[in-house]
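> Coordinates in protein_8.txt, compact mmCIF, C-alpha atoms, are listed below.
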# COMPACT_ATOMS: atom_id res chain seq x y z
CA MET H 367 0.00 0.00 0.00
CA ASP H 368 1.88 3.01 -1.33
CA GLY H 369 2.63 5.75 1.14
CA LEU H 370 1.72 3.70 4.21
CA GLU H 371 4.35 2.42 6.62
CA PRO H 372 3.43 -0.31 9.13
CA VAL H 373 3.47 0.75 12.78
CA ALA H 374 4.83 -1.57 15.46
CA ASP H 375 4.20 0.75 18.43
CA VAL H 376 0.42 0.54 18.47
CA SER H 377 0.25 2.43 21.77
CA VAL H 378 -0.27 5.54 19.64
CA GLY H 379 -3.88 4.35 19.36
CA ASP H 380 -4.49 3.71 23.05
CA TRP H 381 -6.33 7.01 23.38
CA ILE H 382 -9.14 5.65 21.19
CA ALA H 383 -9.96 2.71 23.46
CA ASP H 384 -9.90 5.05 26.46
CA ARG H 385 -12.57 7.26 24.87
CA LEU H 386 -14.90 4.67 23.34
CA GLY H 387 -18.13 4.07 25.18
CA GLY H 388 -21.81 3.26 24.94
CA PRO H 389 -23.59 0.14 23.77
CA LEU H 390 -22.55 -1.76 20.67
CA GLY H 391 -24.08 -0.01 17.68
CA SER H 392 -23.86 3.49 19.10
CA VAL H 393 -21.82 6.27 17.55
CA GLY H 394 -19.58 6.34 20.62
CA SER H 395 -18.73 2.66 20.29
CA VAL H 396 -17.02 3.38 16.95
CA VAL H 397 -15.40 6.82 17.25
CA PRO H 398 -14.02 8.31 20.48
CA GLY H 399 -15.96 10.67 22.70
CA GLY H 400 -14.71 14.12 23.60
CA PHE H 401 -15.01 15.84 20.22
CA ALA H 402 -17.07 18.99 19.81
CA ALA H 403 -19.29 17.51 17.08
CA TYR H 404 -19.97 14.36 15.06
CA ALA H 405 -21.29 13.46 11.62
CA ARG H 406 -22.60 10.30 10.00
CA VAL H 407 -21.60 9.90 6.35
CA LEU H 408 -23.96 7.51 4.55
CA HIS H 409 -22.36 5.06 2.15
CA PRO H 410 -23.60 5.72 -1.41
CA VAL H 411 -26.17 3.45 -3.04
CA GLN H 412 -24.28 1.67 -5.81
CA PHE H 413 -25.19 -0.45 -8.81
CA ASP H 414 -23.60 -3.37 -10.63
CA ASP H 415 -23.64 -1.45 -13.91
CA ASP H 416 -22.50 2.01 -14.99
CA ARG H 417 -25.29 3.96 -13.34
CA PRO H 418 -24.07 6.69 -10.98
CA PRO H 419 -24.62 6.16 -7.26
CA LEU H 420 -27.73 7.44 -5.52
CA THR H 421 -28.27 8.98 -2.12
CA TRP H 422 -30.34 7.36 0.59
CA GLY H 423 -32.55 10.42 0.42
CA ARG H 424 -33.42 9.75 -3.22
CA VAL H 425 -34.21 6.10 -2.47
CA ALA H 426 -36.38 7.22 0.46
CA GLU H 427 -38.38 9.37 -1.97
CA LEU H 428 -39.04 6.28 -4.08
CA THR H 429 -39.96 4.02 -1.17
CA GLY H 430 -42.00 6.49 0.85
CA ARG H 431 -39.58 6.54 3.78
CA VAL H 432 -38.51 9.52 5.90
CA PRO H 433 -34.84 10.58 5.68
CA HIS H 434 -33.28 11.39 9.06
CA ALA H 435 -29.95 11.11 10.87
CA LEU H 436 -30.52 7.61 12.30
CA MET H 437 -32.31 6.02 9.35
CA GLN H 438 -31.39 2.43 8.55
CA TRP H 439 -30.76 1.22 5.01
CA ALA H 440 -32.90 -1.91 5.46
CA ALA H 441 -35.87 0.31 6.33
CA VAL H 442 -35.17 2.90 3.62
CA ALA H 443 -34.98 0.18 0.95
CA SER H 444 -38.28 -1.41 2.08
CA PRO H 445 -41.22 0.52 0.66
CA ALA H 446 -43.86 2.02 2.90
CA SER H 447 -45.53 3.22 -0.31
CA GLY H 448 -44.51 3.88 -3.88
CA ALA H 449 -42.15 1.83 -5.99
CA THR H 450 -40.42 -1.27 -4.66
CA TRP H 451 -36.66 -0.83 -4.30
CA ASP H 452 -34.68 -3.91 -5.35
CA GLU H 453 -31.79 -2.50 -7.37
CA GLY H 454 -28.70 -0.81 -5.92
CA ASP H 455 -27.23 -1.51 -2.52
CA VAL H 456 -24.77 0.04 -0.08
CA ARG H 457 -21.37 -1.28 0.95
CA VAL H 458 -21.05 -2.41 4.55
CA GLY H 459 -17.77 -1.65 6.31
CA ASN H 460 -16.29 0.15 3.32
CA LEU H 461 -16.73 3.76 2.20
CA ALA H 462 -16.65 3.89 -1.62
CA PRO H 463 -13.50 5.52 -3.09
CA ALA H 464 -15.28 8.57 -4.52
CA ALA H 465 -16.97 9.30 -1.20
CA LEU H 466 -13.73 8.67 0.71
CA ALA H 467 -11.92 11.09 -1.61
CA ALA H 468 -14.63 13.70 -1.01
CA LEU H 469 -14.29 13.22 2.75
CA ILE H 470 -10.50 13.52 2.53
CA ASP H 471 -10.92 16.79 0.63
CA VAL H 472 -12.89 18.11 3.61
CA LEU H 473 -10.41 16.79 6.18
CA ALA H 474 -7.30 18.07 4.39
CA PRO H 475 -7.51 21.78 5.37
CA PHE H 476 -7.98 20.77 9.01
CA THR H 477 -5.01 18.38 8.86
CA GLY H 478 -2.20 20.12 7.01
CA GLU H 479 0.98 18.17 6.24
CA GLN H 480 1.07 16.02 9.38
CA ASP H 481 1.01 12.24 9.12
CA CYS H 482 -2.10 10.25 9.87
CA PHE H 483 -2.65 6.80 11.36
CA HIS H 484 -4.61 4.33 9.25
CA ALA H 485 -6.02 1.24 11.00
CA LEU H 486 -7.10 -1.81 9.00
CA TRP H 487 -9.31 -4.50 10.54
CA GLU H 488 -7.32 -7.73 10.44
CA GLY H 489 -10.34 -9.91 9.58
CA TRP H 490 -10.91 -8.96 5.94
CA GLY H 491 -10.45 -12.17 3.99
CA TRP H 492 -7.92 -10.69 1.57
CA VAL H 493 -5.52 -9.60 4.32
CA ASP H 494 -4.04 -13.08 4.74
CA GLY H 495 -5.69 -14.61 1.66
CA ARG H 496 -7.33 -17.41 3.60
CA GLY H 497 -10.79 -15.86 3.42
CA VAL H 498 -10.84 -15.71 -0.39
CA ARG H 499 -11.51 -18.50 -2.85
CA ILE H 500 -10.80 -18.20 -6.57
CA PHE H 501 -12.54 -20.52 -9.03
CA SER H 502 -12.09 -21.21 -12.73
CA VAL H 503 -14.52 -22.60 -15.30
CA SER H 504 -13.26 -25.48 -17.43
CA ASP H 505 -14.10 -25.90 -21.11
CA ASP H 506 -16.91 -28.29 -20.25
CA GLY H 507 -18.46 -25.80 -17.82
CA ARG H 508 -17.22 -27.26 -14.56
CA VAL H 509 -16.38 -24.80 -11.79
CA GLU H 510 -13.13 -25.80 -10.11
CA PRO H 511 -10.91 -24.25 -7.44
CA ALA H 512 -8.03 -22.28 -8.93
CA ARG H 513 -4.82 -21.17 -7.30
CA ALA H 514 -4.84 -19.76 -3.80
CA PRO H 515 -4.72 -15.94 -3.85
CA GLU H 516 -1.68 -14.05 -2.66
CA PRO H 517 -2.17 -12.42 0.77
CA GLY H 518 -2.93 -8.73 0.56
CA VAL H 519 -0.64 -7.95 3.50
CA SER H 520 2.81 -9.48 3.88
CA ALA H 521 3.56 -12.01 6.59
CA GLU H 522 6.06 -9.58 8.12
CA VAL H 523 3.39 -6.91 8.57
CA ARG H 524 0.81 -9.42 9.78
CA ALA H 525 3.27 -10.47 12.49
CA LEU H 526 3.30 -6.97 14.02
CA PRO H 527 1.34 -6.09 17.19
CA ARG H 528 -2.32 -5.20 16.80
CA LEU H 529 -4.24 -2.12 17.83
CA ARG H 530 -6.79 -3.89 20.02
CA LEU H 531 -10.20 -2.30 20.51
CA PRO H 532 -13.39 -3.90 21.85
CA ASP H 533 -14.20 -6.88 19.57
CA ARG H 534 -11.88 -5.60 16.81
CA ASP H 535 -8.13 -5.96 16.23
CA HIS H 536 -6.34 -3.82 13.64
CA LEU H 537 -3.09 -3.57 11.74
CA LEU H 538 -1.79 -0.04 12.01
CA PHE H 539 -0.07 2.09 9.36
CA ARG H 540 1.25 5.64 9.23
CA GLY H 541 1.36 7.97 6.25
CA PRO H 542 -0.20 10.99 4.51
CA LEU H 543 -3.92 11.56 4.73
CA ARG H 544 -4.49 10.79 1.06
CA ALA H 545 -2.72 7.44 1.36
CA ALA H 546 -6.05 6.17 2.69
CA LEU H 547 -7.14 5.94 -0.94
CA ASP H 548 -4.42 3.36 -1.60
CA MET H 549 -5.48 0.98 1.17
CA GLY H 550 -6.89 -2.31 -0.13
CA TRP H 551 -6.09 -5.52 -1.96
CA HIS H 552 -3.61 -4.76 -4.72
CA GLY H 553 -3.10 -8.41 -5.63
CA SER H 554 -6.75 -9.17 -6.36
CA PRO H 555 -7.46 -11.14 -9.57
CA LEU H 556 -10.03 -8.41 -10.32
CA GLY H 557 -7.50 -5.62 -10.00
CA PHE H 558 -7.13 -3.22 -7.09
CA GLU H 559 -10.00 -3.61 -4.61
CA PRO H 560 -10.00 -0.56 -2.33
CA GLN H 561 -10.80 -0.77 1.36
CA SER H 562 -11.35 2.37 3.40
CA PRO H 563 -9.53 2.50 6.75
CA SER H 564 -11.41 1.12 9.72
CA LEU H 565 -10.05 4.05 11.71
CA LEU H 566 -8.21 7.15 10.53
CA TRP H 567 -6.85 10.01 12.62
CA PRO H 568 -4.07 12.66 12.43
CA ALA H 569 -1.06 12.68 14.73
CA ASP H 570 -2.53 15.61 16.68
CA ARG H 571 -5.79 13.66 17.29
CA SER H 572 -7.88 16.65 16.24
CA TRP H 573 -10.39 14.40 14.44
CA CYS H 574 -11.17 10.74 13.97
CA VAL H 575 -12.97 8.79 11.24
CA GLY H 576 -14.40 5.34 11.93
CA THR H 577 -15.97 2.77 9.61
CA GLU H 578 -17.29 -0.14 11.67
CA ILE H 579 -17.20 -3.38 9.66
CA ASP H 580 -20.93 -3.99 10.17
CA PHE H 581 -22.09 -0.41 9.50
CA ASP H 582 -23.31 1.07 6.23
CA SER H 583 -22.11 4.52 7.22
CA THR H 584 -18.86 6.18 8.30
CA LEU H 585 -18.59 8.34 11.42
CA VAL H 586 -16.51 11.47 11.92
CA GLY H 587 -15.69 13.25 15.16
CA GLY H 588 -13.92 16.59 15.23
CA SER H 589 -14.23 20.33 15.76
CA ALA H 590 -17.48 22.14 15.13
CA GLY H 591 -15.94 23.72 12.04
CA LEU H 592 -14.78 20.43 10.58
CA ILE H 593 -18.14 18.75 11.10
CA ALA H 594 -19.93 21.74 9.58
CA ALA H 595 -17.72 21.31 6.51
CA VAL H 596 -18.53 17.58 6.33
CA LEU H 597 -22.25 18.30 6.51
CA ALA H 598 -21.97 20.98 3.81
CA ALA H 599 -19.87 18.92 1.37
CA PRO H 600 -21.87 18.55 -1.88
CA ASP H 601 -20.45 15.09 -2.67
CA LEU H 602 -21.27 13.59 0.73
CA GLU H 603 -24.61 12.61 2.22
CA ALA H 604 -24.07 13.39 5.89
CA TRP H 605 -26.13 14.01 9.01
CA PRO H 606 -25.21 15.38 12.45
CA VAL H 607 -25.17 12.76 15.22
CA GLN H 608 -24.16 12.43 18.88
CA PRO H 609 -22.04 9.77 20.63
CA GLY H 610 -25.08 8.22 22.28
CA ASP H 611 -27.10 7.84 19.07
CA ASP H 612 -28.12 4.28 18.20
CA LEU H 613 -27.13 3.15 14.69
CA SER H 614 -28.12 -0.47 15.20
CA ALA H 615 -30.95 -2.12 13.28
CA SER H 616 -33.40 -0.96 15.95
CA GLY H 617 -32.16 2.63 15.96
CA ASP H 618 -34.56 3.94 13.29
CA LEU H 619 -37.65 4.91 15.30
CA ILE H 620 -39.29 6.82 12.44
CA ASN H 621 -39.37 4.28 9.61
CA PRO H 622 -40.96 0.97 10.66
CA ALA H 623 -38.70 -2.04 10.35
CA PRO H 624 -39.25 -4.06 7.14
CA ALA H 625 -41.67 -6.93 7.40
CA VAL H 626 -40.20 -10.42 7.78
CA ASP H 627 -41.77 -13.14 5.63
CA GLY H 628 -43.30 -15.98 7.60
Is it possible to give me this structure as structure tokens?

Amino acid sequence: MDGLEPVADVSVGDWIADRLGGPLGSVGSVVPGGFAAYARVLHPVQFDDDRPPLTWGRVAELTGRVPHALMQWAAVASPASGATWDEGDVRVGNLAPAALAALIDVLAPFTGEQDCFHALWEGWGWVDGRGVRIFSVSDDGRVEPARAPEPGVSAEVRALPRLRLPDRDHLLFRGPLRAALDMGWHGSPLGFEPQSPSLLWPADRSWCVGTEIDFDSTLVGGSAGLIAAVLAAPDLEAWPVQPGDDLSASGDLINPAPAVDG
């Protein structure tokens, strides 16, 4: 990953664990408390073809749902009225590159030239290659296992100490802010597969970005000015939140949960 150097002294991230709090699924369980303000950046609705991404707000218009800061994608995509939504979807645990680039553009003036710390959850299948299977199709149509993929992170880096947070262990890297765009699986048979950092913060700890692996949104804590800039960014769909806000499946109290068949 160009521009990112592995970090062996993971104590530089101890401040995060000290400031996490609240129940699993809350804003404060993902990004540290103590910042002046917080924002939730919704992951764009993406398609398998060349159509441009949509916002959750646009999908809510089509499904008759109410957009709000704690809305849940499962509820937004399940129609209360209007057209059924069964097309695009959102990425879980990964902020799409265009949205990550837009967020970095907002963060950059508040960061300057200082290095940032980039944490990568160790459990992504491509990190050690064991969670990925590659298959080939023979001439007679049989699907057969192909070669094992190359690990996305070297054995030397995987042997380094982990940044350990509740229920999540991370490999830690240091480098420029924009190096976050180079994080991901460079050895994929499909070409580069980007992965946004699980946690990202500058050396001065003036802000922190967190993308929980089970969330369909990315959280930002920082100064009031930074969060105002995130909320105003035209290429981001963002809402103001607080550390105690519930982003679990039961956190949307405005849009009824989708019906379960049977």
> Please list as a ChimeraX atom specification every residue within 6 Å of segment 420-424 of chain H, counting only C-alpha atoms and excluding residues in the same chain fewer than 6 positions away.
/H:410-411,433
> Applying 12 Å and only C-alpha atoms, which residues near Gly394 of chain H remain after dropping the ones on its own chain fewer than 3 positions away? List them as JSON, numbers by chain.
{"H": [382, 383, 384, 385, 386, 387, 388, 389, 390, 391, 397, 398, 399, 400, 401, 403, 404, 405, 406, 574, 575, 576, 578, 585, 586, 587, 607, 608, 609, 610, 611, 612, 613]}
> Pick from H:Asp416, H:Asp582, H:Asp618, H:Asp533: nearest to Ser395 of chain H, with all atoms listed in the file counted?
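For Ser395 of chain H, the nearest of the given residues is H:Asp533.
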> Please compute the atom CA of Pro542 of chain H-atom CA of Gly491 of chain H distance, one decimal, in Å.
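That distance, rounded to one decimal, is 25.3 Å.
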> Smallest atom-to-atom distance to Leu408 of chain H: which of H:Ser554, H:Gln561, H:Ser572, H:Asn460, using all atoms listed in the file?
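Looking at the shortest contact to Leu408 of chain H, the residue is H:Asn460.
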> Neighbours of Ala546 of chain H within 9 Å (all atoms listed in the file; same-chain residues fewer than 2 positions away dropped), as an mmCIF file with C-alpha atoms, in the coordinates of the input?

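And here's selection.cif as it stands now:
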data_model
loop_
_atom_site.group_PDB
_atom_site.id
_atom_site.type_symbol
_atom_site.label_atom_id
_atom_site.label_comp_id
_atom_site.auth_asym_id
_atom_site.auth_seq_id
_atom_site.Cartn_x
_atom_site.Cartn_y
_atom_site.Cartn_z
ATOM 1 C CA GLY H 369 2.630 5.750 1.140
ATOM 2 C CA LEU H 370 1.720 3.700 4.210
ATOM 3 C CA LEU H 466 -13.730 8.670 0.710
ATOM 4 C CA ALA H 467 -11.920 11.090 -1.610
ATOM 5 C CA ILE H 470 -10.500 13.520 2.530
ATOM 6 C CA HIS H 484 -4.610 4.330 9.250
ATOM 7 C CA GLY H 541 1.360 7.970 6.250
ATOM 8 C CA PRO H 542 -0.200 10.990 4.510
ATOM 9 C CA LEU H 543 -3.920 11.560 4.730
ATOM 10 C CA ARG H 544 -4.490 10.790 1.060
ATOM 11 C CA ASP H 548 -4.420 3.360 -1.600
ATOM 12 C CA MET H 549 -5.480 0.980 1.170
ATOM 13 C CA GLY H 550 -6.890 -2.310 -0.130
ATOM 14 C CA GLN H 561 -10.800 -0.770 1.360
ATOM 15 C CA SER H 562 -11.350 2.370 3.400
ATOM 16 C CA PRO H 563 -9.530 2.500 6.750
ATOM 17 C CA LEU H 566 -8.210 7.150 10.530
#
> Using atom CA of Arg530 of chain H and atom CA of Trp567 of chain H as the two end points, give the distance in Å to one decimal.
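So the two atoms, atom CA of Arg530 of chain H and atom CA of Trp567 of chain H, lie 15.7 Å apart.
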> Tell me which of H:Ala623, H:Ala569, H:Val519, H:Ala604 sits closest to Ser583 of chain H, counting only C-alpha atoms.
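So, comparing all the options, the nearest one is H:Ala604.
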> Using all atoms listed in the file for the distances, tell me which of H:Glu522, H:Glu488, H:Glu603, H:Asp375 is nearest to Ala435 of chain H.
H:Glu603
> Would you work out the distance separating atom CA of Gly591 of chain H from atom CA of Asp570 of chain H, expressed in Å to one decimal?
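It comes out at 16.3 Å.
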> Find, counting all atoms listed in the file, the residue in H:Leu473, H:Val432, H:Leu592, H:Ala545 that gets nearest to Pro560 of chain H.
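Among the listed residues, H:Ala545 lies closest to Pro560 of chain H.
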> Counting only C-alpha atoms, select every polymer residue within 8 Å of (-35.2, 3.6, 10.3) as defined in the file's coordinates, and provide the selection as a PyMOL selection string.
chain H and resi 436-442+615-623
> Counting all atoms listed in the file, which residue out of H:Ser589, H:Gln412, H:Ser392, H:Thr477 sits closest to Ala462 of chain H?
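Of H:Ser589, H:Gln412, H:Ser392, H:Thr477, the one nearest Ala462 of chain H is H:Gln412, counting all atoms listed in the file.
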> Excluding Ser564 of chain H and residues on its chain fewer than 6 positions from it, collect all residues at most 6 Å away from it, counting only C-alpha atoms, and give them as a list of chain:residue names.
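Within the cut-off, the hits are H:Ala485, H:Leu486, H:Gly576, H:Thr577.
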